[in-house]
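*Asks:* Take this structure, written in structure tokens, and hold onto it; I'll ask about it next.
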Amino acid sequence: MRILFVRFLAAMLAAAALWLAWVVVVPVSLPATPYNVTVGPNRTLSQVARVLENDGVIRNRWVMVALSRMTGADRKVKAGLYEFSSPVAMWEILKRLAEGSPDQPSVTVIEGWTFRQFRQALARERGLEQVSAAWDEARIMAEMGATGQAAEGMFFPSTYFYTPGTSDIEVLRRAYRTMQQNLESAWNSRQTGIPYGSPYELLTMASLIEKETSKDSDRPMVSSVFANRLKIGMRLQTDPSVIYGMGERYQGRIGKEGLRRDTPYNTYTRGGLPPTPISLPGMAALQAAAHPVESRALYFVAKGKGESHFSETLDEHNAAVRQYILKKGS
């Protein structure tokens with residue numbers, strides 16, 4: 001009996017080994033030639049494996065995930081576009097991803113970054129020709145055809161693919177043109193009655209919304225609060241704008257002194273919008289600025305998990321602060 005069990009177990013192990021070899025080593029025909037898969041900077045190897053499995057390029061995504069963790073490939077993947085031109089085995093795909101040499105590299109600009117952070121990301125790209133590294137913002141904007149325009153907010157956050165040898169200026173041009181197109185779209189579709197006299201003012205508001213919340217469902221309400229305040233002449237009192245105005249003085253806390261220190265971006269000491277955007281807003285923030293929810297809310301406070309609580313009166317707001325903020329500190 002024991003011999004039969006051992007033989008059965010050996011047969012099962014052999015079958016499992018054959019199946020695993022078939023999954024990992026035997027090439028799979030591509031659904032299209034060439035076949036491209038894009039690996040974004042925030043995309044995990046598990047997400048990439050799901051795409052590959054859905055496209056029929058690998059036979060089992062869980063095996064790929066396990067194998068990538070065992071070999072450390074999941075920690076080496078570089079963002080970019082990978083191209084395959086002939087039937088390919090799973091291990092070959094993993095090898096390509098782990099080598100970190102995409103056929104078309106990319107640079108990703110995150111929503112809410114400042115223009116300075118965008119330039120720092122460009123400077124880290126070894127495949128880009130660093131033409132503008134020593135240029136000031138004025139020269140860069142002149143190169144964009146926008147002489148005299150502040151650079152902040154004028155470049156759209158996205159992933160930009162490039163071929164090695166492309167100049168950083170070309171990536172900047174694409175980001176600038178994309179922002180112009182998206183801003184024009186948001187402005188042309190804006191709802192009536194919003195308190196902005198130009199696309200640039202809408203862009204500035206979108207940059208505030210971008211920094212105030214990362215939750216898409218809250219953005220139209222944040223937009224509503226700010227629009228309502230502007231309509232009645234109430235100061236915006238938004239901390240991200242104050243922080244932007246503090247520049248390198250900001251060390252993680254604003255404090256009472258920071259709130260009192262007057263700068264062009266201190267929306268506690270000055271009314272209206274700040275003089276320029278404070279970040280690079282994405283499409284959701286642009287659309288929220290153009291389409292605020294109709295409400296009478298004038299206040300909001302973070303209540304955790306990226307969500308906000310909105311109030312119409314100061315008494316309601318103070319109660320929300322006690323509930324969501326002061327309780328945490330007690």
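Please note that chains go A, B, ... in the order of the structure tokens, that every chain numbers its residues from 1, and that ligands are numbered from 1 in the order shown.
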Tell me, as a list in words, which residues lie within 7 Å of A:Glu210, counting only C-alpha atoms; anything in the same chain fewer than 4 positions away does not count.

*Replies:*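 Neighbouring residues, sequence-local ones excluded: Gly112, Ala206, Ser214, Pro281 and Ala285 of chain A.
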
*Asks:* Hey, can you spit out that residue selection with all heavy atoms as a short mmCIF file (atom, residue, chain, number, x, y, z; two decimals), in the first residue's frame?

*Replies:*
data_model
loop_
_atom_site.label_atom_id
_atom_site.label_comp_id
_atom_site.auth_asym_id
_atom_site.auth_seq_id
_atom_site.Cartn_x
_atom_site.Cartn_y
_atom_site.Cartn_z
N GLY A 112 -0.52 66.64 -8.99
CA GLY A 112 -0.22 67.34 -7.74
C GLY A 112 1.23 67.69 -7.57
O GLY A 112 1.59 68.43 -6.64
N ALA A 206 -8.10 74.57 -10.11
CA ALA A 206 -7.87 73.12 -10.23
C ALA A 206 -6.63 72.69 -9.47
O ALA A 206 -6.60 71.61 -8.87
CB ALA A 206 -7.75 72.75 -11.71
N SER A 214 -7.19 63.83 -2.85
CA SER A 214 -6.87 62.89 -3.91
C SER A 214 -8.05 62.01 -4.25
O SER A 214 -7.97 61.15 -5.13
CB SER A 214 -5.69 62.00 -3.48
OG SER A 214 -6.03 61.28 -2.30
N PRO A 281 -2.28 70.13 -12.01
CA PRO A 281 -3.53 69.40 -11.80
C PRO A 281 -3.83 68.43 -12.93
O PRO A 281 -3.50 68.68 -14.10
CB PRO A 281 -4.58 70.50 -11.74
CG PRO A 281 -4.03 71.59 -12.62
CD PRO A 281 -2.53 71.53 -12.44
N ALA A 285 -9.25 67.07 -11.52
CA ALA A 285 -9.26 68.36 -10.84
C ALA A 285 -9.72 69.47 -11.79
O ALA A 285 -10.45 70.38 -11.38
CB ALA A 285 -7.88 68.67 -10.29
#

*Asks:* Extract, using only C-alpha atoms, all DNA, RNA and protein residues at most 6 Å from A:Pro102, discarding same-chain residues fewer than 5 positions from it, and format them as a ChimeraX atom specification.

*Replies:* /A:80-82

*Asks:* Taking the backbone alone, and naming residues the way the document does, which bits of stretch 56-193 of chain A are alpha helix (DSSP H) by DSSP, as a PyMOL selection string?

*Replies:* chain A and resi 61-71+90-99+115-124+137-143+168-188

*Asks:* Nearest residue to A:Arg190 out of A:Pro240, A:Gly272, A:Gly153, A:Pro292, using only C-alpha atoms?

*Replies:*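 Selected residue with least distance to A:Arg190: A:Pro292.
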
*Asks:* What is the atom CA of A:Phe156 to atom CA of A:Arg174 distance in Å?

*Replies:*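 Going from atom CA of A:Phe156 over to atom CA of A:Arg174 covers 8.6 Å.
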
*Asks:* Taking only C-alpha atoms into account, name the residue in A:Met205, A:Ala319, A:Val242, A:Val88 that is nearest to A:His291.

*Replies:* A:Met205

*Asks:* List the spatial neighbours of stretch 245-259 of chain A as a list in words - criterion: any atom at most 12 Å away, only C-alpha atoms, same-chain residues fewer than 3 positions off excluded.

*Replies:*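 Surrounding residues, per the criterion: Thr114, Arg116, Gln237, Thr238, Asp239, Pro240, Ser241, Val242, Asp262, Thr263, Pro264, Tyr265, Asn266, Thr267, Tyr268, Thr269, Arg270, Pro274, Pro275, Thr276, Pro277, Ile278 and Ser279 of chain A.
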
*Asks:* Using only C-alpha atoms, which of the listed residues (A:Asn54, A:Ser217, A:Ser46, A:Ser85) sits closest to A:Pro34?

*Replies:*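 Of all the options, A:Ser85 lies closest to A:Pro34.
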
*Asks:* Please list as an NGL selection string every residue within 10 Å of A:Asn188, counting only C-alpha atoms and excluding residues in the same chain fewer than 6 positions away.

*Replies:* :A and (182 or 199 or 290)

*Asks:* Which is closest to A:Lys215 among A:Gly306, A:Pro195, A:Pro87, A:Pro157, if we use only C-alpha atoms?

*Replies:*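 For A:Lys215, the nearest of the candidates is A:Gly306.
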
*Asks:* Would you kindly return, as a count of residues only, each protein, DNA or RNA residue with an atom no farther than 12 Å from any atom of stretch 191-193 of chain A, considering only C-alpha atoms and excluding same-chain residues fewer than 6 positions away?

*Replies:* 14

*Asks:* With distances taken over only C-alpha atoms, which of A:Asp216, A:Glu312, A:Glu99, A:Glu143 is nearest to A:Glu170?

*Replies:* A:Glu143

*Asks:* Interatomic distance between atom CA of A:Ile169 and atom CA of A:Asp103?

*Replies:* 20.9 Å

*Asks:* Enumerate, as a list in words, the complete set of residues in stretch 77-207 of chain A that a backbone-based DSSP assignment places in strand (DSSP E).

*Replies:*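 In stretch 77-207 of chain A, DSSP puts these residues in strand (DSSP E): Gly80, Leu81, Tyr82, Glu83, Phe84, Gln104, Pro105, Ser106, Val107, Thr108, Thr159, Tyr160 and Phe161 of chain A.
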
*Asks:* Nearest to A:Pro27 among A:Glu92, A:Glu307, A:Asp315, A:Asp55, with distances taken over only C-alpha atoms: which residue is it?

*Replies:* A:Glu92

*Asks:* If you count only C-alpha atoms, which residues fall within 7 Å of A:Pro164, apart from same-chain ones fewer than 2 positions away, as a list in words?

*Replies:*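 With the cut-off at 7 Å, the set is Gly127, Leu128, Tyr162 and Thr166 of chain A.
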